[in-house]
$ cat coords06.cif   # mmCIF, C-alpha atoms and all ligand atoms
data_model
#
loop_
_atom_site.group_PDB
_atom_site.id
_atom_site.type_symbol
_atom_site.label_atom_id
_atom_site.label_comp_id
_atom_site.auth_asym_id
_atom_site.auth_seq_id
_atom_site.Cartn_x
_atom_site.Cartn_y
_atom_site.Cartn_z
ATOM 1 C CA MET A 1 -31.524 8.487 0.221
ATOM 2 C CA ILE A 2 -28.585 6.290 1.115
ATOM 3 C CA GLY A 3 -24.911 6.837 0.315
ATOM 4 C CA LEU A 4 -22.185 4.424 -0.768
ATOM 5 C CA PHE A 5 -18.542 5.072 -1.456
ATOM 6 C CA ASP A 6 -15.489 3.242 -2.680
ATOM 7 C CA SER A 7 -12.190 4.176 -4.303
ATOM 8 C CA GLY A 8 -13.671 3.086 -7.629
ATOM 9 C CA LEU A 9 -15.607 0.364 -9.413
ATOM 10 C CA GLY A 10 -15.510 -2.156 -6.567
ATOM 11 C CA GLY A 11 -18.319 -0.399 -4.761
ATOM 12 C CA LEU A 12 -20.645 -1.322 -7.620
ATOM 13 C CA THR A 13 -20.532 -4.955 -6.405
ATOM 14 C CA VAL A 14 -22.078 -3.701 -3.150
ATOM 15 C CA LEU A 15 -24.586 -1.512 -4.971
ATOM 16 C CA ARG A 16 -25.736 -4.537 -6.988
ATOM 17 C CA ARG A 17 -26.664 -6.351 -3.770
ATOM 18 C CA VAL A 18 -28.392 -3.243 -2.383
ATOM 19 C CA ARG A 19 -30.438 -2.931 -5.594
ATOM 20 C CA GLU A 20 -31.524 -6.597 -5.413
ATOM 21 C CA ARG A 21 -32.911 -6.017 -1.934
ATOM 22 C CA LEU A 22 -34.096 -2.432 -2.263
ATOM 23 C CA PRO A 23 -35.006 -1.532 -5.849
ATOM 24 C CA ASP A 24 -36.831 1.653 -4.742
ATOM 25 C CA VAL A 25 -34.232 3.260 -2.532
ATOM 26 C CA ASP A 26 -32.544 6.423 -3.839
ATOM 27 C CA VAL A 27 -28.759 6.097 -3.949
ATOM 28 C CA LEU A 28 -25.863 8.520 -4.078
ATOM 29 C CA PHE A 29 -22.744 6.571 -5.105
ATOM 30 C CA PHE A 30 -19.327 8.203 -4.786
ATOM 31 C CA ALA A 31 -16.246 6.712 -6.475
ATOM 32 C CA ASP A 32 -13.011 8.381 -5.365
ATOM 33 C CA GLN A 33 -11.189 7.490 -8.555
ATOM 34 C CA ALA A 34 -8.820 10.453 -8.209
ATOM 35 C CA HIS A 35 -7.187 8.392 -5.459
ATOM 36 C CA VAL A 36 -7.636 4.792 -6.635
ATOM 37 C CA PRO A 37 -6.052 2.403 -5.676
ATOM 38 C CA TYR A 38 -6.437 2.995 -1.949
ATOM 39 C CA GLY A 39 -4.635 -0.250 -1.113
ATOM 40 C CA GLY A 40 -1.099 1.097 -1.584
ATOM 41 C CA ARG A 41 -1.646 4.273 0.458
ATOM 42 C CA ALA A 42 -0.401 5.142 3.942
ATOM 43 C CA ALA A 43 -2.828 4.736 6.839
ATOM 44 C CA GLY A 44 -2.854 8.470 7.658
ATOM 45 C CA ASP A 45 -3.816 9.406 4.085
ATOM 46 C CA LEU A 46 -6.515 6.752 4.043
ATOM 47 C CA PHE A 47 -8.003 8.132 7.238
ATOM 48 C CA ALA A 48 -8.078 11.644 5.728
ATOM 49 C CA LEU A 49 -9.875 10.256 2.648
ATOM 50 C CA LEU A 50 -12.339 8.389 4.866
ATOM 51 C CA GLN A 51 -13.113 11.579 6.797
ATOM 52 C CA ASN A 52 -13.610 13.546 3.554
ATOM 53 C CA ASN A 53 -15.802 10.921 1.913
ATOM 54 C CA LEU A 54 -18.025 10.388 4.953
ATOM 55 C CA ALA A 55 -18.422 14.140 5.458
ATOM 56 C CA TRP A 56 -19.290 14.663 1.784
ATOM 57 C CA LEU A 57 -22.069 12.048 1.916
ATOM 58 C CA ASP A 58 -23.276 13.203 5.321
ATOM 59 C CA GLU A 59 -23.570 16.810 4.101
ATOM 60 C CA ARG A 60 -25.881 15.589 1.335
ATOM 61 C CA GLY A 61 -28.327 14.321 3.927
ATOM 62 C CA VAL A 62 -28.102 10.570 3.372
ATOM 63 C CA GLU A 63 -29.796 8.583 6.130
ATOM 64 C CA ALA A 64 -27.366 5.667 5.920
ATOM 65 C CA ILE A 65 -23.856 5.171 4.560
ATOM 66 C CA VAL A 66 -23.288 1.684 3.240
ATOM 67 C CA MET A 67 -19.536 1.238 3.241
ATOM 68 C CA ALA A 68 -18.408 -0.179 -0.086
ATOM 69 C CA CYS A 69 -14.656 -0.024 0.635
ATOM 70 C CA ASN A 70 -13.031 -2.552 2.966
ATOM 71 C CA THR A 71 -9.780 -0.584 3.095
ATOM 72 C CA SER A 72 -11.611 2.410 4.593
ATOM 73 C CA CYS A 73 -13.359 0.145 7.122
ATOM 74 C CA ALA A 74 -9.998 -1.366 8.090
ATOM 75 C CA ILE A 75 -8.600 2.139 8.662
ATOM 76 C CA ALA A 76 -11.611 3.014 10.806
ATOM 77 C CA ASP A 77 -10.779 -0.061 12.851
ATOM 78 C CA LEU A 78 -7.368 1.512 13.590
ATOM 79 C CA TYR A 79 -8.395 5.155 14.097
ATOM 80 C CA GLY A 80 -12.085 4.941 15.032
ATOM 81 C CA TRP A 81 -15.063 6.043 12.907
ATOM 82 C CA PRO A 82 -15.319 9.768 12.239
ATOM 83 C CA PRO A 83 -18.670 10.999 13.620
ATOM 84 C CA THR A 84 -21.594 11.195 11.151
ATOM 85 C CA GLN A 85 -25.305 11.983 11.314
ATOM 86 C CA ALA A 86 -25.979 8.996 9.071
ATOM 87 C CA GLU A 87 -25.934 5.411 10.270
ATOM 88 C CA VAL A 88 -22.766 3.686 8.949
ATOM 89 C CA PHE A 89 -22.660 0.027 7.906
ATOM 90 C CA ASP A 90 -19.199 -1.535 8.211
ATOM 91 C CA LEU A 91 -18.217 -4.273 5.723
ATOM 92 C CA LEU A 92 -15.994 -6.004 8.282
ATOM 93 C CA ASP A 93 -19.002 -6.471 10.569
ATOM 94 C CA SER A 94 -20.980 -7.924 7.669
ATOM 95 C CA ALA A 95 -18.190 -10.352 6.767
ATOM 96 C CA THR A 96 -17.899 -11.484 10.384
ATOM 97 C CA ILE A 97 -21.662 -12.021 10.701
ATOM 98 C CA GLU A 98 -21.672 -14.212 7.601
ATOM 99 C CA LEU A 99 -18.662 -16.258 8.794
ATOM 100 C CA GLN A 100 -20.422 -16.859 12.110
ATOM 101 C CA GLN A 101 -23.641 -17.898 10.353
ATOM 102 C CA ARG A 102 -21.723 -20.375 8.208
ATOM 103 C CA GLY A 103 -19.725 -21.805 11.125
ATOM 104 C CA ALA A 104 -16.393 -21.208 9.352
ATOM 105 C CA ARG A 105 -13.224 -21.961 11.339
ATOM 106 C CA ARG A 106 -10.291 -22.006 8.892
ATOM 107 C CA ILE A 107 -10.655 -18.677 7.149
ATOM 108 C CA GLY A 108 -8.696 -16.933 4.417
ATOM 109 C CA VAL A 109 -9.030 -13.215 3.724
ATOM 110 C CA VAL A 110 -7.829 -11.745 0.434
ATOM 111 C CA ALA A 111 -7.592 -7.957 0.665
ATOM 112 C CA THR A 112 -5.605 -4.867 -0.254
ATOM 113 C CA ALA A 113 -2.126 -4.344 1.200
ATOM 114 C CA ALA A 114 -3.404 -1.556 3.481
ATOM 115 C CA THR A 115 -6.206 -3.752 4.807
ATOM 116 C CA VAL A 116 -3.851 -6.643 5.508
ATOM 117 C CA ARG A 117 -1.324 -4.300 7.137
ATOM 118 C CA SER A 118 -4.037 -2.976 9.474
ATOM 119 C CA GLY A 119 -4.705 -6.499 10.793
ATOM 120 C CA ALA A 120 -8.360 -5.436 11.169
ATOM 121 C CA TYR A 121 -9.940 -8.509 9.571
ATOM 122 C CA GLY A 122 -7.931 -10.931 11.706
ATOM 123 C CA ARG A 123 -8.785 -9.023 14.891
ATOM 124 C CA ARG A 124 -12.506 -8.826 14.126
ATOM 125 C CA ILE A 125 -12.861 -12.456 13.109
ATOM 126 C CA ARG A 126 -10.856 -13.831 16.050
ATOM 127 C CA ASN A 127 -12.902 -11.696 18.445
ATOM 128 C CA ALA A 128 -16.185 -12.961 17.037
ATOM 129 C CA ILE A 129 -15.054 -16.574 16.505
ATOM 130 C CA PRO A 130 -12.336 -17.288 19.107
ATOM 131 C CA GLU A 131 -11.703 -20.821 17.806
ATOM 132 C CA SER A 132 -11.004 -19.569 14.260
ATOM 133 C CA GLU A 133 -7.688 -19.494 12.404
ATOM 134 C CA VAL A 134 -7.293 -16.616 9.968
ATOM 135 C CA TRP A 135 -4.832 -16.121 7.107
ATOM 136 C CA GLU A 136 -4.729 -12.679 5.470
ATOM 137 C CA VAL A 137 -3.159 -12.290 2.022
ATOM 138 C CA ALA A 138 -2.565 -9.015 0.168
ATOM 139 C CA ALA A 139 -3.445 -8.845 -3.541
ATOM 140 C CA PRO A 140 -2.129 -5.495 -4.838
ATOM 141 C CA ALA A 141 -2.324 -6.530 -8.504
ATOM 142 C CA LEU A 142 -6.089 -7.061 -8.612
ATOM 143 C CA VAL A 143 -7.623 -3.581 -8.196
ATOM 144 C CA PRO A 144 -5.654 -2.016 -11.107
ATOM 145 C CA LEU A 145 -6.741 -4.938 -13.334
ATOM 146 C CA VAL A 146 -10.422 -4.459 -12.474
ATOM 147 C CA GLU A 147 -10.243 -0.668 -12.890
ATOM 148 C CA ALA A 148 -8.718 -1.224 -16.341
ATOM 149 C CA GLY A 149 -11.561 -3.589 -17.299
ATOM 150 C CA GLU A 150 -9.175 -6.581 -17.402
ATOM 151 C CA ILE A 151 -11.553 -9.182 -16.023
ATOM 152 C CA GLU A 152 -11.912 -12.137 -18.378
ATOM 153 C CA THR A 153 -8.182 -12.101 -19.220
ATOM 154 C CA VAL A 154 -5.218 -14.403 -18.711
ATOM 155 C CA ALA A 155 -3.489 -11.662 -16.700
ATOM 156 C CA ALA A 156 -6.426 -11.532 -14.257
ATOM 157 C CA ARG A 157 -6.659 -15.334 -14.046
ATOM 158 C CA ASP A 158 -2.923 -15.656 -13.314
ATOM 159 C CA ALA A 159 -2.931 -12.824 -10.769
ATOM 160 C CA VAL A 160 -5.795 -14.447 -8.838
ATOM 161 C CA ALA A 161 -4.085 -17.859 -9.018
ATOM 162 C CA ARG A 162 -0.852 -16.395 -7.571
ATOM 163 C CA VAL A 163 -2.736 -14.853 -4.621
ATOM 164 C CA CYS A 164 -4.718 -18.017 -3.905
ATOM 165 C CA ALA A 165 -1.492 -20.075 -3.956
ATOM 166 C CA GLU A 166 -0.414 -18.140 -0.833
ATOM 167 C CA LEU A 167 -3.409 -19.469 1.130
ATOM 168 C CA PRO A 168 -3.172 -22.771 3.036
ATOM 169 C CA PRO A 169 -5.208 -25.791 1.896
ATOM 170 C CA ASP A 170 -8.477 -27.015 3.467
ATOM 171 C CA LEU A 171 -9.969 -23.631 4.216
ATOM 172 C CA ASP A 172 -13.677 -23.468 5.092
ATOM 173 C CA ALA A 173 -14.090 -19.985 3.664
ATOM 174 C CA VAL A 174 -12.278 -17.246 1.784
ATOM 175 C CA VAL A 175 -13.519 -13.677 2.252
ATOM 176 C CA TYR A 176 -13.433 -11.126 -0.530
ATOM 177 C CA GLY A 177 -11.799 -8.481 1.649
ATOM 178 C CA CYS A 178 -12.002 -5.938 -1.169
ATOM 179 C CA THR A 179 -15.134 -5.028 -3.097
ATOM 180 C CA HIS A 180 -13.310 -5.133 -6.430
ATOM 181 C CA TYR A 181 -12.719 -8.896 -6.163
ATOM 182 C CA PRO A 182 -16.230 -10.384 -6.650
ATOM 183 C CA VAL A 183 -16.059 -9.434 -10.340
ATOM 184 C CA LEU A 184 -13.147 -11.919 -10.547
ATOM 185 C CA GLU A 185 -15.286 -14.716 -9.046
ATOM 186 C CA SER A 186 -14.735 -17.204 -11.890
ATOM 187 C CA HIS A 187 -10.955 -16.952 -11.387
ATOM 188 C CA PHE A 188 -11.242 -17.385 -7.602
ATOM 189 C CA ARG A 189 -13.491 -20.394 -8.082
ATOM 190 C CA ALA A 190 -11.051 -21.935 -10.581
ATOM 191 C CA ALA A 191 -8.068 -21.368 -8.270
ATOM 192 C CA LEU A 192 -9.716 -22.501 -5.013
ATOM 193 C CA GLY A 193 -11.993 -25.321 -6.190
ATOM 194 C CA ASP A 194 -15.620 -25.974 -5.248
ATOM 195 C CA ARG A 195 -15.285 -26.904 -1.580
ATOM 196 C CA VAL A 196 -14.352 -23.549 -0.126
ATOM 197 C CA GLU A 197 -17.117 -21.005 0.570
ATOM 198 C CA LEU A 198 -16.467 -17.647 -1.111
ATOM 199 C CA ILE A 199 -17.767 -14.929 1.198
ATOM 200 C CA ASP A 200 -18.907 -11.634 -0.312
ATOM 201 C CA PRO A 201 -19.784 -9.351 2.630
ATOM 202 C CA ALA A 202 -22.036 -7.281 0.342
ATOM 203 C CA PHE A 203 -24.964 -9.702 0.803
ATOM 204 C CA VAL A 204 -25.129 -9.204 4.574
ATOM 205 C CA GLN A 205 -24.354 -5.511 4.106
ATOM 206 C CA ALA A 206 -27.497 -5.164 1.944
ATOM 207 C CA ALA A 207 -29.578 -7.278 4.338
ATOM 208 C CA ARG A 208 -28.564 -5.088 7.304
ATOM 209 C CA LEU A 209 -29.473 -1.959 5.356
ATOM 210 C CA ALA A 210 -32.867 -3.417 4.409
ATOM 211 C CA GLU A 211 -33.567 -4.185 8.042
ATOM 212 C CA PHE A 212 -32.541 -0.660 9.090
ATOM 213 C CA LEU A 213 -34.724 1.028 6.457
ATOM 214 C CA GLN A 214 -37.744 -1.041 7.436
ATOM 215 C CA LEU A 215 -37.332 0.236 10.952
ATOM 216 C CA ASP A 216 -37.027 3.750 9.607
ATOM 217 C CA GLU A 217 -40.078 5.969 9.045
ATOM 218 C CA ALA A 218 -38.689 7.729 5.957
ATOM 219 C CA PRO A 219 -40.369 6.965 2.590
ATOM 220 C CA ILE A 220 -38.257 4.595 0.519
ATOM 221 C CA GLY A 221 -37.777 6.649 -2.692
ATOM 222 C CA SER A 222 -38.057 6.183 -6.447
ATOM 223 C CA GLY A 223 -35.070 3.961 -7.189
ATOM 224 C CA THR A 224 -32.774 6.577 -8.696
ATOM 225 C CA THR A 225 -28.977 6.254 -8.569
ATOM 226 C CA ARG A 226 -26.743 9.292 -8.881
ATOM 227 C CA TYR A 227 -23.114 8.419 -9.545
ATOM 228 C CA VAL A 228 -20.349 10.882 -8.727
ATOM 229 C CA THR A 229 -16.651 10.335 -9.395
ATOM 230 C CA SER A 230 -13.613 12.383 -8.452
ATOM 231 C CA GLY A 231 -11.966 10.885 -11.565
ATOM 232 C CA ASP A 232 -12.986 10.917 -15.233
ATOM 233 C CA PRO A 233 -16.823 10.904 -15.518
ATOM 234 C CA GLU A 234 -16.857 9.558 -19.087
ATOM 235 C CA HIS A 235 -14.648 6.585 -18.205
ATOM 236 C CA PHE A 236 -16.782 5.924 -15.118
ATOM 237 C CA ARG A 237 -20.008 6.184 -17.134
ATOM 238 C CA ARG A 238 -18.815 3.404 -19.462
ATOM 239 C CA SER A 239 -17.815 1.165 -16.517
ATOM 240 C CA VAL A 240 -21.129 1.721 -14.711
ATOM 241 C CA ALA A 241 -23.103 0.963 -17.884
ATOM 242 C CA ALA A 242 -21.207 -2.333 -18.257
ATOM 243 C CA ILE A 243 -21.158 -3.489 -14.638
ATOM 244 C CA MET A 244 -24.644 -2.292 -13.596
ATOM 245 C CA GLU A 245 -26.169 -2.996 -17.026
ATOM 246 C CA GLU A 246 -27.665 0.508 -17.061
ATOM 247 C CA GLN A 247 -28.272 2.165 -20.426
ATOM 248 C CA THR A 248 -27.842 5.785 -19.396
ATOM 249 C CA PRO A 249 -26.346 6.109 -15.922
ATOM 250 C CA VAL A 250 -26.381 9.623 -14.455
ATOM 251 C CA VAL A 251 -22.700 10.315 -13.752
ATOM 252 C CA SER A 252 -21.114 13.582 -12.738
ATOM 253 C CA GLY A 253 -17.635 14.719 -11.853
ATOM 254 C CA LEU A 254 -16.589 16.315 -8.613
ATOM 255 C CA GLY A 255 -14.136 19.084 -7.976
ATOM 256 C CA TYR A 256 -12.925 17.129 -4.997
ATOM 257 C CA ALA A 257 -11.283 19.327 -2.375
ATOM 258 C CA SER A 258 -8.807 16.971 -0.776
ATOM 259 C CA ASP A 259 -5.400 17.450 0.832
ATOM 260 C CA VAL A 260 -4.384 13.969 -0.286
ATOM 261 C CA THR A 261 -2.738 13.832 -3.714
HETATM 262 N N1 LIG B 301 -12.489 -1.608 -3.202
HETATM 263 C C1 LIG B 301 -11.780 -1.146 -2.065
HETATM 264 C C2 LIG B 301 -11.790 -2.132 -0.925
HETATM 265 O O1 LIG B 301 -12.793 -2.805 -0.742
HETATM 266 C C3 LIG B 301 -10.455 -0.428 -2.300
HETATM 267 C C4 LIG B 301 -9.543 -0.980 -3.336
HETATM 268 C C5 LIG B 301 -8.382 -0.051 -3.658
HETATM 269 O O2 LIG B 301 -8.634 1.073 -4.080
HETATM 270 O O3 LIG B 301 -7.222 -0.465 -3.450
HETATM 271 O O4 LIG B 301 -10.871 -2.226 -0.162
#
$ encode --input "coords06.cif" --output "structure tokens"
Amino acid sequence: MIGLFDSGLGGLTVLRRVRERLPDVDVLFFADQAHVPYGGRAAGDLFALLQNNLAWLDERGVEAIVMACNTSCAIADLYGWPPTQAEVFDLLDSATIELQQRGARRIGVVATAATVRSGAYGRRIRNAIPESEVWEVAAPALVPLVEAGEIETVAARDAVARVCAELPPDLDAVVYGCTHYPVLESHFRAALGDRVELIDPAFVQAARLAEFLQLDEAPIGSGTTRYVTSGDPEHFRRSVAAIMEEQTPVVSGLGYASDVT
């Protein structure tokens, strides 16, 4: 079994890529919707949530944790990764690998305010691609829109357009630095035009997991997904059914013991 977590629905965009690659793997997906959005929170609180979420998955015996929250990865870049038994796959590494493969030089990153404040994306990309130029833009309006199911709306289109207007012209690539954003792809494409590459780190994230599991001896599983939310299970069930196109997703709530309110 593998584990994924995010603050909310965004992680499902990573799960979709994992499912394409690994239809038979058993998945435990945790959405920390009691604390969404993560992007406006202080770094110390985000680190406490990261520790809690990793420990919760680790205690359930997952063999790998596929990070589905960039904000948590950015915080780990500041504080270090809390120790886990499970192998952890970092979205920032996956984004950097893809940018290297594509030979991108002028790079935009759209992310949550906390991720941008951490400077983690800029540091990672410049380390891996020294000749790169990186522009990081915070998009605090987007996660609440996605969580509210406001996707094909004028409000979502305008919010994406405002964020993209802050990026310089002639970029080679723009990274979705938050897993909620790929569901707004049509708006990003409309705002940025056809020439810029839109980078969703979830593809490389899933490829790295597939490679790891092939190396692993453990049997692959029966393709079940168990969804757990610290928020409202009924609301989450409806979102999962829509985004994952599952008829009857198995969703449960969690009495989440957390110091962070
Ligand atoms: N989807 C998460 C990310 O990739 C967090 C978004 C949020 O809760 O602000 O950063």
$ closest_residue --input "coords06.cif" --among "A:Pro140, A:Gly231, A:Gly223, A:Gly80" --to "ligand LIG 301 (chain B)" --atoms "all atoms listed in the file"
A:Pro140
$ atom_distance --input "coords06.cif" --atom1 "CA of Ala104 (chain A)" --atom2 "CA of Arg189 (chain A)"
17.7 Å
$ closest_residue --input "coords06.cif" --among "A:Tyr176, A:Phe203, A:Trp135, A:Phe30" --to "ligand LIG 301 (chain B)" --atoms "only C-alpha atoms and all ligand atoms"
A:Tyr176
$ residues_near_ligand --input "coords06.cif" --ligand "ligand LIG 301 (chain B)" --cutoff "9 Å" --atoms "only C-alpha atoms and all ligand atoms" --output "PyMOL selection string"
chain A and resi 6-11+32-33+35-41+67-74+91+111-115+140+142-144+176-181
$ write_last_selection --input "coords06.cif" --atoms "C-alpha atoms" --output "PDB file, keeping the file's coordinate frame"
ATOM      1  CA  ASP A   6     -15.489   3.242  -2.680  1.00  0.00           C
ATOM      2  CA  SER A   7     -12.190   4.176  -4.303  1.00  0.00           C
ATOM      3  CA  GLY A   8     -13.671   3.086  -7.629  1.00  0.00           C
ATOM      4  CA  LEU A   9     -15.607   0.364  -9.413  1.00  0.00           C
ATOM      5  CA  GLY A  10     -15.510  -2.156  -6.567  1.00  0.00           C
ATOM      6  CA  GLY A  11     -18.319  -0.399  -4.761  1.00  0.00           C
ATOM      7  CA  ASP A  32     -13.011   8.381  -5.365  1.00  0.00           C
ATOM      8  CA  GLN A  33     -11.189   7.490  -8.555  1.00  0.00           C
ATOM      9  CA  HIS A  35      -7.187   8.392  -5.459  1.00  0.00           C
ATOM     10  CA  VAL A  36      -7.636   4.792  -6.635  1.00  0.00           C
ATOM     11  CA  PRO A  37      -6.052   2.403  -5.676  1.00  0.00           C
ATOM     12  CA  TYR A  38      -6.437   2.995  -1.949  1.00  0.00           C
ATOM     13  CA  GLY A  39      -4.635  -0.250  -1.113  1.00  0.00           C
ATOM     14  CA  GLY A  40      -1.099   1.097  -1.584  1.00  0.00           C
ATOM     15  CA  ARG A  41      -1.646   4.273   0.458  1.00  0.00           C
ATOM     16  CA  MET A  67     -19.536   1.238   3.241  1.00  0.00           C
ATOM     17  CA  ALA A  68     -18.408  -0.179  -0.086  1.00  0.00           C
ATOM     18  CA  CYS A  69     -14.656  -0.024   0.635  1.00  0.00           C
ATOM     19  CA  ASN A  70     -13.031  -2.552   2.966  1.00  0.00           C
ATOM     20  CA  THR A  71      -9.780  -0.584   3.095  1.00  0.00           C
ATOM     21  CA  SER A  72     -11.611   2.410   4.593  1.00  0.00           C
ATOM     22  CA  CYS A  73     -13.359   0.145   7.122  1.00  0.00           C
ATOM     23  CA  ALA A  74      -9.998  -1.366   8.090  1.00  0.00           C
ATOM     24  CA  LEU A  91     -18.217  -4.273   5.723  1.00  0.00           C
ATOM     25  CA  ALA A 111      -7.592  -7.957   0.665  1.00  0.00           C
ATOM     26  CA  THR A 112      -5.605  -4.867  -0.254  1.00  0.00           C
ATOM     27  CA  ALA A 113      -2.126  -4.344   1.200  1.00  0.00           C
ATOM     28  CA  ALA A 114      -3.404  -1.556   3.481  1.00  0.00           C
ATOM     29  CA  THR A 115      -6.206  -3.752   4.807  1.00  0.00           C
ATOM     30  CA  PRO A 140      -2.129  -5.495  -4.838  1.00  0.00           C
ATOM     31  CA  LEU A 142      -6.089  -7.061  -8.612  1.00  0.00           C
ATOM     32  CA  VAL A 143      -7.623  -3.581  -8.196  1.00  0.00           C
ATOM     33  CA  PRO A 144      -5.654  -2.016 -11.107  1.00  0.00           C
ATOM     34  CA  TYR A 176     -13.433 -11.126  -0.530  1.00  0.00           C
ATOM     35  CA  GLY A 177     -11.799  -8.481   1.649  1.00  0.00           C
ATOM     36  CA  CYS A 178     -12.002  -5.938  -1.169  1.00  0.00           C
ATOM     37  CA  THR A 179     -15.134  -5.028  -3.097  1.00  0.00           C
ATOM     38  CA  HIS A 180     -13.310  -5.133  -6.430  1.00  0.00           C
ATOM     39  CA  TYR A 181     -12.719  -8.896  -6.163  1.00  0.00           C
TER      40      TYR A 181
END
$ resolve_selection --input "coords06.cif" --expression "the PyMOL selection byres (((chain A and resi 17) around 12) and not hetatm)" --output "compact mmCIF listing (two decimals) with C-alpha atoms, keeping the file's coordinate frame"
# COMPACT_ATOMS: atom_id res chain seq x y z
CA GLY A 11 -18.32 -0.40 -4.76
CA LEU A 12 -20.64 -1.32 -7.62
CA THR A 13 -20.53 -4.96 -6.40
CA VAL A 14 -22.08 -3.70 -3.15
CA LEU A 15 -24.59 -1.51 -4.97
CA ARG A 16 -25.74 -4.54 -6.99
CA VAL A 18 -28.39 -3.24 -2.38
CA ARG A 19 -30.44 -2.93 -5.59
CA GLU A 20 -31.52 -6.60 -5.41
CA ARG A 21 -32.91 -6.02 -1.93
CA LEU A 22 -34.10 -2.43 -2.26
CA PRO A 23 -35.01 -1.53 -5.85
CA VAL A 66 -23.29 1.68 3.24
CA ALA A 68 -18.41 -0.18 -0.09
CA THR A 179 -15.13 -5.03 -3.10
CA PRO A 182 -16.23 -10.38 -6.65
CA ASP A 200 -18.91 -11.63 -0.31
CA PRO A 201 -19.78 -9.35 2.63
CA ALA A 202 -22.04 -7.28 0.34
CA PHE A 203 -24.96 -9.70 0.80
CA VAL A 204 -25.13 -9.20 4.57
CA GLN A 205 -24.35 -5.51 4.11
CA ALA A 206 -27.50 -5.16 1.94
CA ALA A 207 -29.58 -7.28 4.34
CA ARG A 208 -28.56 -5.09 7.30
CA LEU A 209 -29.47 -1.96 5.36
CA ALA A 210 -32.87 -3.42 4.41
CA MET A 244 -24.64 -2.29 -13.60
$ atom_distance --input "coords06.cif" --atom1 "CA of Val154 (chain A)" --atom2 "CA of Glu246 (chain A)"
27.0 Å
$ residues_around --input "coords06.cif" --residues "Val175 (chain A)" --least-positions-apart "5" --cutoff "12 Å" --atoms "all atoms listed in the file" --output "number ranges by chain"
A: 70, 91-92, 94-99, 104, 106-111, 121-122, 125, 134-137, 164, 167, 181-182, 185, 188, 196-202
$ axis_aligned_box --input "coords06.cif" --around "region 56-59 of chain A" --padding-each-side "8 Å" --output "AutoDock Vina command-line options"
--center_x -21.4 --center_y 14.4 --center_z 3.6 --size_x 20.3 --size_y 20.8 --size_z 19.5
$ residues_around --input "coords06.cif" --residues "Ile65 (chain A)" --least-positions-apart "3" --cutoff "9 Å" --atoms "all atoms listed in the file" --output "mmCIF file with C-alpha atoms, in the coordinates of the input"
data_model
loop_
_atom_site.group_PDB
_atom_site.id
_atom_site.type_symbol
_atom_site.label_atom_id
_atom_site.label_comp_id
_atom_site.auth_asym_id
_atom_site.auth_seq_id
_atom_site.Cartn_x
_atom_site.Cartn_y
_atom_site.Cartn_z
ATOM 1 C CA ILE A 2 -28.585 6.290 1.115
ATOM 2 C CA GLY A 3 -24.911 6.837 0.315
ATOM 3 C CA LEU A 4 -22.185 4.424 -0.768
ATOM 4 C CA PHE A 5 -18.542 5.072 -1.456
ATOM 5 C CA LEU A 54 -18.025 10.388 4.953
ATOM 6 C CA LEU A 57 -22.069 12.048 1.916
ATOM 7 C CA ASP A 58 -23.276 13.203 5.321
ATOM 8 C CA VAL A 62 -28.102 10.570 3.372
ATOM 9 C CA ALA A 68 -18.408 -0.179 -0.086
ATOM 10 C CA ALA A 86 -25.979 8.996 9.071
ATOM 11 C CA GLU A 87 -25.934 5.411 10.270
ATOM 12 C CA VAL A 88 -22.766 3.686 8.949
ATOM 13 C CA PHE A 89 -22.660 0.027 7.906
ATOM 14 C CA ASP A 90 -19.199 -1.535 8.211
#
$ atom_distance --input "coords06.cif" --atom1 "CA of Gln214 (chain A)" --atom2 "CA of Asp24 (chain A)"
12.5 Å
$ closest_residue --input "coords06.cif" --among "A:Ala141, A:Ile75, A:Ala128, A:Ile220" --to "Ala48 (chain A)" --atoms "only C-alpha atoms"
A:Ile75
$ closest_residue --input "coords06.cif" --among "A:Leu184, A:Ile129, A:Ala165, A:Val251" --to "Ile151 (chain A)" --atoms "only C-alpha atoms"
A:Leu184
$ resolve_selection --input "coords06.cif" --expression "the PyMOL selection byres (((chain A and resi 161) around 9) and not hetatm)" --output "PyMOL selection string"
chain A and resi 156-160+162-166+187-188+190-192
$ closest_residue --input "coords06.cif" --among "A:Ser239, A:Gln51, A:Ser132, A:Asn127" --to "Tyr79 (chain A)" --atoms "only C-alpha atoms"
A:Gln51
$ resolve_selection --input "coords06.cif" --expression "the PyMOL selection byres (((chain A and resi 227) around 7) and not hetatm)" --output "list of chain:residue names"
A:Leu28, A:Phe29, A:Phe30, A:Thr225, A:Arg226, A:Val228, A:Thr229, A:Val250, A:Val251, A:Ser252
$ closest_residue --input "coords06.cif" --among "A:Met1, A:Leu145, A:Val25, A:Ala31" --to "Arg237 (chain A)" --atoms "all atoms listed in the file"
A:Ala31
